[in-house]
file target20.txt (compact mmCIF, C-alpha atoms)
# COMPACT_ATOMS: atom_id res chain seq x y z
CA MET A 1203 150.91 99.17 174.99
CA SER A 1204 149.90 102.82 174.59
CA ILE A 1205 147.47 103.90 171.88
CA SER A 1206 148.28 107.47 170.93
CA ASN A 1207 148.44 107.45 167.14
CA TYR A 1208 147.07 105.62 164.11
CA GLY A 1209 149.94 103.16 163.88
CA GLU A 1210 149.57 102.12 167.52
CA LEU A 1211 145.80 101.84 167.09
CA LYS A 1212 146.20 99.41 164.19
CA THR A 1213 148.62 97.32 166.22
CA ALA A 1214 146.26 97.26 169.22
CA VAL A 1215 143.30 96.22 167.07
CA ALA A 1216 145.36 93.39 165.58
CA ASN A 1217 146.37 92.24 169.08
CA TRP A 1218 142.79 92.24 170.34
CA LEU A 1219 141.46 90.56 167.22
CA ALA A 1220 144.05 87.78 167.28
CA ARG A 1221 142.92 86.86 163.76
CA SER A 1222 145.63 87.19 161.14
CA ASN A 1223 143.14 86.83 158.30
CA LEU A 1224 141.60 90.22 159.17
CA THR A 1225 144.81 92.28 159.50
CA ALA A 1226 144.60 93.77 156.01
CA ARG A 1227 141.08 95.04 156.69
CA ILE A 1228 141.89 96.86 159.94
CA PRO A 1229 142.18 100.30 158.23
CA GLU A 1230 138.71 99.75 156.76
CA PHE A 1231 137.28 98.84 160.17
CA ILE A 1232 138.84 101.96 161.71
CA ALA A 1233 137.40 104.19 158.96
CA ILE A 1234 133.92 102.75 159.59
CA ALA A 1235 134.34 103.25 163.35
CA GLU A 1236 135.15 106.92 162.71
CA GLY A 1237 131.77 107.20 161.03
CA TYR A 1238 130.10 105.64 164.07
CA ILE A 1239 131.87 108.15 166.33
CA HIS A 1240 130.64 111.13 164.34
CA TYR A 1241 127.17 109.95 163.31
CA GLY A 1242 126.23 107.25 165.83
CA ILE A 1243 124.55 103.89 165.25
CA MET A 1244 120.77 103.67 164.91
CA ALA A 1245 119.06 100.51 166.15
CA PRO A 1246 116.21 98.85 164.20
CA ASN A 1247 113.70 100.37 166.68
CA LYS A 1248 114.78 103.87 165.54
CA ARG A 1249 116.58 104.54 168.82
CA TRP A 1250 120.26 105.21 169.25
CA ALA A 1251 122.36 102.10 169.80
CA VAL A 1252 125.26 104.55 170.05
CA GLU A 1253 124.76 108.31 170.22
CA PRO A 1254 126.85 110.60 167.99
CA LEU A 1255 129.77 112.08 169.88
CA ARG A 1256 129.27 115.80 170.56
CA ILE A 1257 131.83 117.28 172.96
CA ARG A 1258 133.74 120.54 173.39
CA ALA A 1259 136.89 119.02 171.89
CA MET A 1260 135.00 118.93 168.58
CA GLU A 1261 133.95 122.60 168.67
CA THR A 1262 135.47 124.90 166.07
CA SER A 1263 134.68 128.48 165.13
CA ALA A 1264 134.49 129.90 161.62
CA ASP A 1265 133.49 133.12 159.90
CA ILE A 1266 130.90 132.50 157.19
CA THR A 1267 130.76 135.16 154.50
CA ILE A 1268 127.14 135.74 153.54
CA ALA A 1269 126.95 137.30 150.09
CA ALA A 1270 124.02 135.36 148.61
CA GLN A 1271 121.24 133.09 149.82
CA THR A 1272 123.63 130.15 150.20
CA ALA A 1273 127.12 129.64 151.60
CA ALA A 1274 129.18 126.45 151.73
CA LEU A 1275 129.40 124.47 154.95
CA PRO A 1276 132.87 124.52 156.55
CA THR A 1277 135.03 121.41 156.33
CA GLY A 1278 133.96 118.62 158.68
CA TYR A 1279 130.68 120.31 159.66
CA LEU A 1280 128.43 118.11 161.81
CA ALA A 1281 126.08 120.51 163.61
CA ALA A 1282 125.89 124.14 164.69
CA ARG A 1283 126.33 125.14 168.35
CA ARG A 1284 125.57 128.81 167.78
CA PHE A 1285 125.36 131.08 164.75
CA TYR A 1286 124.95 134.84 164.83
CA LEU A 1287 125.25 137.72 162.40
CA ASP A 1288 128.16 139.95 163.36
CA GLY A 1289 127.30 143.56 164.05
CA ALA A 1290 126.44 145.95 166.82
CA ASP A 1291 123.61 143.80 168.18
CA LYS A 1292 125.09 140.33 167.43
CA ARG A 1293 121.81 139.09 165.92
CA GLN A 1294 121.25 135.35 166.55
CA LEU A 1295 120.33 133.38 163.42
CA ASP A 1296 117.41 131.04 164.07
CA PHE A 1297 117.67 127.51 162.70
CA LEU A 1298 114.67 126.17 160.81
CA PRO A 1299 114.40 122.63 159.42
CA PRO A 1300 114.27 122.54 155.59
CA THR A 1301 110.62 121.42 155.71
CA ASP A 1302 109.68 124.71 157.43
CA PHE A 1303 112.24 127.09 155.97
CA TRP A 1304 110.63 127.79 152.60
CA SER A 1305 107.14 128.23 154.04
CA ARG A 1306 108.46 130.97 156.31
CA GLN A 1307 107.12 134.36 155.36
CA GLY A 1308 109.83 136.36 153.60
CA ALA A 1309 112.17 133.42 152.94
CA SER A 1310 112.91 134.79 149.46
CA ASP A 1311 112.81 138.49 150.40
CA THR A 1312 115.90 140.66 150.62
CA GLY A 1313 117.09 142.14 153.88
CA THR A 1314 119.13 141.29 156.95
CA PRO A 1315 119.33 137.49 157.40
CA THR A 1316 117.51 136.27 160.50
CA ALA A 1317 117.24 132.50 159.90
CA PHE A 1318 119.12 129.64 158.29
CA THR A 1319 118.78 126.01 157.36
CA VAL A 1320 121.09 123.36 155.92
CA GLU A 1321 120.51 121.81 152.50
CA GLY A 1322 123.10 119.49 150.98
CA GLU A 1323 126.51 121.01 151.64
CA ASN A 1324 125.25 124.57 152.06
CA PHE A 1325 123.74 126.96 154.56
CA VAL A 1326 120.65 128.72 153.22
CA PHE A 1327 119.71 132.13 154.66
CA ALA A 1328 116.56 134.18 154.85
CA PRO A 1329 115.94 136.95 154.08
CA VAL A 1330 118.52 137.15 151.30
CA GLY A 1331 121.19 139.59 152.41
CA SER A 1332 124.84 139.94 153.31
CA GLY A 1333 127.09 140.02 156.33
CA THR A 1334 129.46 137.86 158.33
CA GLY A 1335 128.11 134.91 160.23
CA LYS A 1336 129.95 133.88 163.38
CA LEU A 1337 129.62 130.12 163.59
CA LEU A 1338 130.56 127.73 166.39
CA TYR A 1339 130.09 124.16 165.20
CA TYR A 1340 130.90 120.55 165.92
CA LYS A 1341 133.64 119.44 163.53
CA ALA A 1342 134.44 115.83 162.69
CA PHE A 1343 137.90 114.69 163.69
CA THR A 1344 140.15 114.51 160.64
CA ALA A 1345 140.27 110.94 159.35
CA LEU A 1346 143.36 109.01 160.44
CA SER A 1347 145.59 107.95 157.56
CA ASP A 1348 149.31 108.19 158.39
CA ASP A 1349 150.77 106.13 161.24
CA SER A 1350 151.72 109.29 163.14
CA ASP A 1351 148.22 110.82 162.89
CA THR A 1352 146.41 111.47 166.15
CA ASN A 1353 143.65 113.64 167.64
CA TRP A 1354 142.09 114.59 170.96
CA LEU A 1355 139.87 111.50 171.17
CA LEU A 1356 142.60 109.00 170.38
CA ILE A 1357 144.88 110.56 173.01
CA ASN A 1358 142.28 111.04 175.76
CA GLN A 1359 139.94 108.09 175.22
CA PRO A 1360 141.50 105.55 172.83
CA GLY A 1361 138.89 102.99 173.83
CA ALA A 1362 136.35 104.79 171.67
CA TYR A 1363 138.42 104.01 168.58
CA LEU A 1364 139.48 100.56 169.78
CA PHE A 1365 136.07 99.21 170.75
CA GLY A 1366 134.28 100.86 167.81
CA THR A 1367 136.77 99.22 165.47
CA LEU A 1368 136.50 95.83 167.18
CA TYR A 1369 132.71 96.02 166.99
CA GLU A 1370 132.90 96.48 163.23
CA ALA A 1371 135.61 93.82 162.83
CA PHE A 1372 133.67 91.14 164.69
CA THR A 1373 130.46 92.15 162.93
CA TYR A 1374 132.30 91.38 159.70
CA ALA A 1375 134.00 88.20 160.95
CA GLU A 1376 132.23 84.89 160.58
CA GLY A 1377 131.10 83.63 163.98
CA GLY A 1378 131.91 86.92 165.70
CA GLN A 1379 128.40 87.88 166.79
CA THR A 1380 129.00 87.43 170.54
CA GLU A 1381 132.18 89.49 170.48
CA SER A 1382 130.52 92.12 168.27
CA GLU A 1383 127.70 92.65 170.75
CA ALA A 1384 130.12 92.85 173.67
CA TYR A 1385 132.26 95.49 171.96
CA LEU A 1386 129.18 97.48 170.93
CA VAL A 1387 128.27 97.77 174.63
CA LYS A 1388 131.81 98.93 175.48
CA PHE A 1389 131.84 101.42 172.60
CA SER A 1390 128.41 102.80 173.48
CA SER A 1391 129.34 103.16 177.15
CA ILE A 1392 132.40 105.27 176.31
CA ILE A 1393 130.59 107.55 173.86
CA ASN A 1394 127.65 108.03 176.21
CA ALA A 1395 129.98 108.75 179.14
CA LEU A 1396 131.90 111.36 177.14
CA ASN A 1397 128.68 113.07 176.08
CA ALA A 1398 127.32 112.97 179.63
CA ALA A 1399 130.54 114.32 181.18
CA ASP A 1400 130.65 117.14 178.64
CA ASN A 1401 127.03 118.05 179.32
CA SER A 1402 127.63 117.98 183.08
CA ASP A 1403 130.68 120.24 182.75
CA ARG A 1404 128.73 122.80 180.74
CA TYR A 1405 126.06 123.20 183.40
CA SER A 1406 128.00 122.43 186.60
CA GLY A 1407 127.29 125.10 189.16
CA ALA A 1408 124.69 126.84 187.04
CA VAL A 1409 121.69 128.22 188.91
CA LEU A 1410 118.37 126.98 187.54
CA GLN A 1411 116.12 129.80 186.39
CA MET A 1412 112.33 129.51 186.51
CA ARG A 1413 110.69 130.70 183.32
CA ALA A 1414 107.87 133.22 183.46
CA GLY A 1415 104.58 131.41 183.76
CA SER A 1416 106.13 128.22 185.15
CA MET A 1417 104.31 126.33 187.86
CA PRO A 1418 105.85 126.69 191.35
call {"tool": "encode", "arguments": {"input": "target20.txt", "output": "structure tokens"}}
result
Amino acid sequence: MSISNYGELKTAVANWLARSNLTARIPEFIAIAEGYIHYGIMAPNKRWAVEPLRIRAMETSADITIAAQTAALPTGYLAARRFYLDGADKRQLDFLPPTDFWSRQGASDTGTPTAFTVEGENFVFAPVGSGTGKLLYYKAFTALSDDSDTNWLLINQPGAYLFGTLYEAFTYAEGGQTESEAYLVKFSSIINALNAADNSDRYSGAVLQMRAGSMP
């Protein structure tokens, strides 16, 4: 059967599970799998068991009105791709981790913003100024809820949803450890392949440039 919307995904998961006692929990397993897709799975050794999905189909642009030191993150924000202050020179805003942001000279001064960080659900800018930020960011796919709901990933690579959901289902199920590990491998392979293909497409045909001072 095809898997092109939420209703068909639930049916497919039930077919692959072949366990009637877990049918009622399938929406929960799918919701957890959506979290894995967006945020990845970290192994006990602090390495990725599954990388977060970051592909062009998740890119969305937004105008961020800067009128104070903070501005709310847009809906579904995962990570910034690029962020610049609109104007004649299109000034790029430099990202600083929160641990470095406040030690930066002039972080509390007023002026044209040149840097930003993310704290909680807000951007924080320095210096404190105003303008319009042009943001390109990775946005989480809207959570599936109605049977007719769909998105780019479910249409183009339904296995990501299917195997991520089956991994969680068999992790939950008693005696499902072998199946869980097998579906984790399938899920990881799909996510890694999507990330790799996207990265390859971005740089395909690009001419490598040697930086000044590089060794020959």
call {"tool": "residues_near_point", "arguments": {"input": "target20.txt", "point": "(134.5, 103.7, 174.9)", "cutoff": "12 Å", "atoms": "only C-alpha atoms", "output": "mmCIF file with C-alpha atoms, keeping the file's coordinate frame"}}
result
data_model
loop_
_atom_site.group_PDB
_atom_site.id
_atom_site.type_symbol
_atom_site.label_atom_id
_atom_site.label_comp_id
_atom_site.auth_asym_id
_atom_site.auth_seq_id
_atom_site.Cartn_x
_atom_site.Cartn_y
_atom_site.Cartn_z
ATOM 1 C CA ALA A 1235 134.340 103.250 163.350
ATOM 2 C CA TYR A 1238 130.100 105.640 164.070
ATOM 3 C CA ILE A 1239 131.870 108.150 166.330
ATOM 4 C CA VAL A 1252 125.260 104.550 170.050
ATOM 5 C CA GLU A 1253 124.760 108.310 170.220
ATOM 6 C CA LEU A 1255 129.770 112.080 169.880
ATOM 7 C CA LEU A 1355 139.870 111.500 171.170
ATOM 8 C CA LEU A 1356 142.600 109.000 170.380
ATOM 9 C CA ASN A 1358 142.280 111.040 175.760
ATOM 10 C CA GLN A 1359 139.940 108.090 175.220
ATOM 11 C CA PRO A 1360 141.500 105.550 172.830
ATOM 12 C CA GLY A 1361 138.890 102.990 173.830
ATOM 13 C CA ALA A 1362 136.350 104.790 171.670
ATOM 14 C CA TYR A 1363 138.420 104.010 168.580
ATOM 15 C CA LEU A 1364 139.480 100.560 169.780
ATOM 16 C CA PHE A 1365 136.070 99.210 170.750
ATOM 17 C CA GLY A 1366 134.280 100.860 167.810
ATOM 18 C CA THR A 1367 136.770 99.220 165.470
ATOM 19 C CA LEU A 1368 136.500 95.830 167.180
ATOM 20 C CA TYR A 1369 132.710 96.020 166.990
ATOM 21 C CA ALA A 1384 130.120 92.850 173.670
ATOM 22 C CA TYR A 1385 132.260 95.490 171.960
ATOM 23 C CA LEU A 1386 129.180 97.480 170.930
ATOM 24 C CA VAL A 1387 128.270 97.770 174.630
ATOM 25 C CA LYS A 1388 131.810 98.930 175.480
ATOM 26 C CA PHE A 1389 131.840 101.420 172.600
ATOM 27 C CA SER A 1390 128.410 102.800 173.480
ATOM 28 C CA SER A 1391 129.340 103.160 177.150
ATOM 29 C CA ILE A 1392 132.400 105.270 176.310
ATOM 30 C CA ILE A 1393 130.590 107.550 173.860
ATOM 31 C CA ASN A 1394 127.650 108.030 176.210
ATOM 32 C CA ALA A 1395 129.980 108.750 179.140
ATOM 33 C CA LEU A 1396 131.900 111.360 177.140
ATOM 34 C CA ASN A 1397 128.680 113.070 176.080
#
call {"tool": "closest_residue", "arguments": {"input": "target20.txt", "among": "A:Glu1236, A:Arg1221, A:Pro1315, A:Pro1229", "to": "Gly1378 (chain A)", "atoms": "all atoms listed in the file"}}
result
A:Arg1221
call {"tool": "residues_around", "arguments": {"input": "target20.txt", "residues": "region 1326-1332 of chain A", "least_positions_apart": "6", "cutoff": "8 Å", "atoms": "all atoms listed in the file", "output": "CSV table (one decimal) with C-alpha atoms, in the coordinates of the input"}}
result
chain,number,residue,atom,x,y,z
A,1267,THR,CA,130.8,135.2,154.5
A,1268,ILE,CA,127.1,135.7,153.5
A,1269,ALA,CA,127.0,137.3,150.1
A,1270,ALA,CA,124.0,135.4,148.6
A,1271,GLN,CA,121.2,133.1,149.8
A,1272,THR,CA,123.6,130.2,150.2
A,1273,ALA,CA,127.1,129.6,151.6
A,1308,GLY,CA,109.8,136.4,153.6
A,1309,ALA,CA,112.2,133.4,152.9
A,1310,SER,CA,112.9,134.8,149.5
A,1311,ASP,CA,112.8,138.5,150.4
A,1312,THR,CA,115.9,140.7,150.6
A,1313,GLY,CA,117.1,142.1,153.9
A,1314,THR,CA,119.1,141.3,157.0
A,1315,PRO,CA,119.3,137.5,157.4
A,1316,THR,CA,117.5,136.3,160.5
A,1317,ALA,CA,117.2,132.5,159.9
A,1318,PHE,CA,119.1,129.6,158.3
A,1319,THR,CA,118.8,126.0,157.4
A,1320,VAL,CA,121.1,123.4,155.9
call {"tool": "atom_distance", "arguments": {"input": "target20.txt", "atom1": "CA of Ser1350 (chain A)", "atom2": "CA of Glu1210 (chain A)"}}
result
8.7 Å
call {"tool": "atom_distance", "arguments": {"input": "target20.txt", "atom1": "CA of Phe1343 (chain A)", "atom2": "CA of Tyr1279 (chain A)"}}
result
10.0 Å
call {"tool": "closest_residue", "arguments": {"input": "target20.txt", "among": "A:Ile1257, A:Met1203, A:Met1244, A:Ala1345", "to": "Arg1404 (chain A)", "atoms": "only C-alpha atoms"}}
result
A:Ile1257
call {"tool": "atom_distance", "arguments": {"input": "target20.txt", "atom1": "CA of Tyr1286 (chain A)", "atom2": "CA of Leu1337 (chain A)"}}
result
6.8 Å
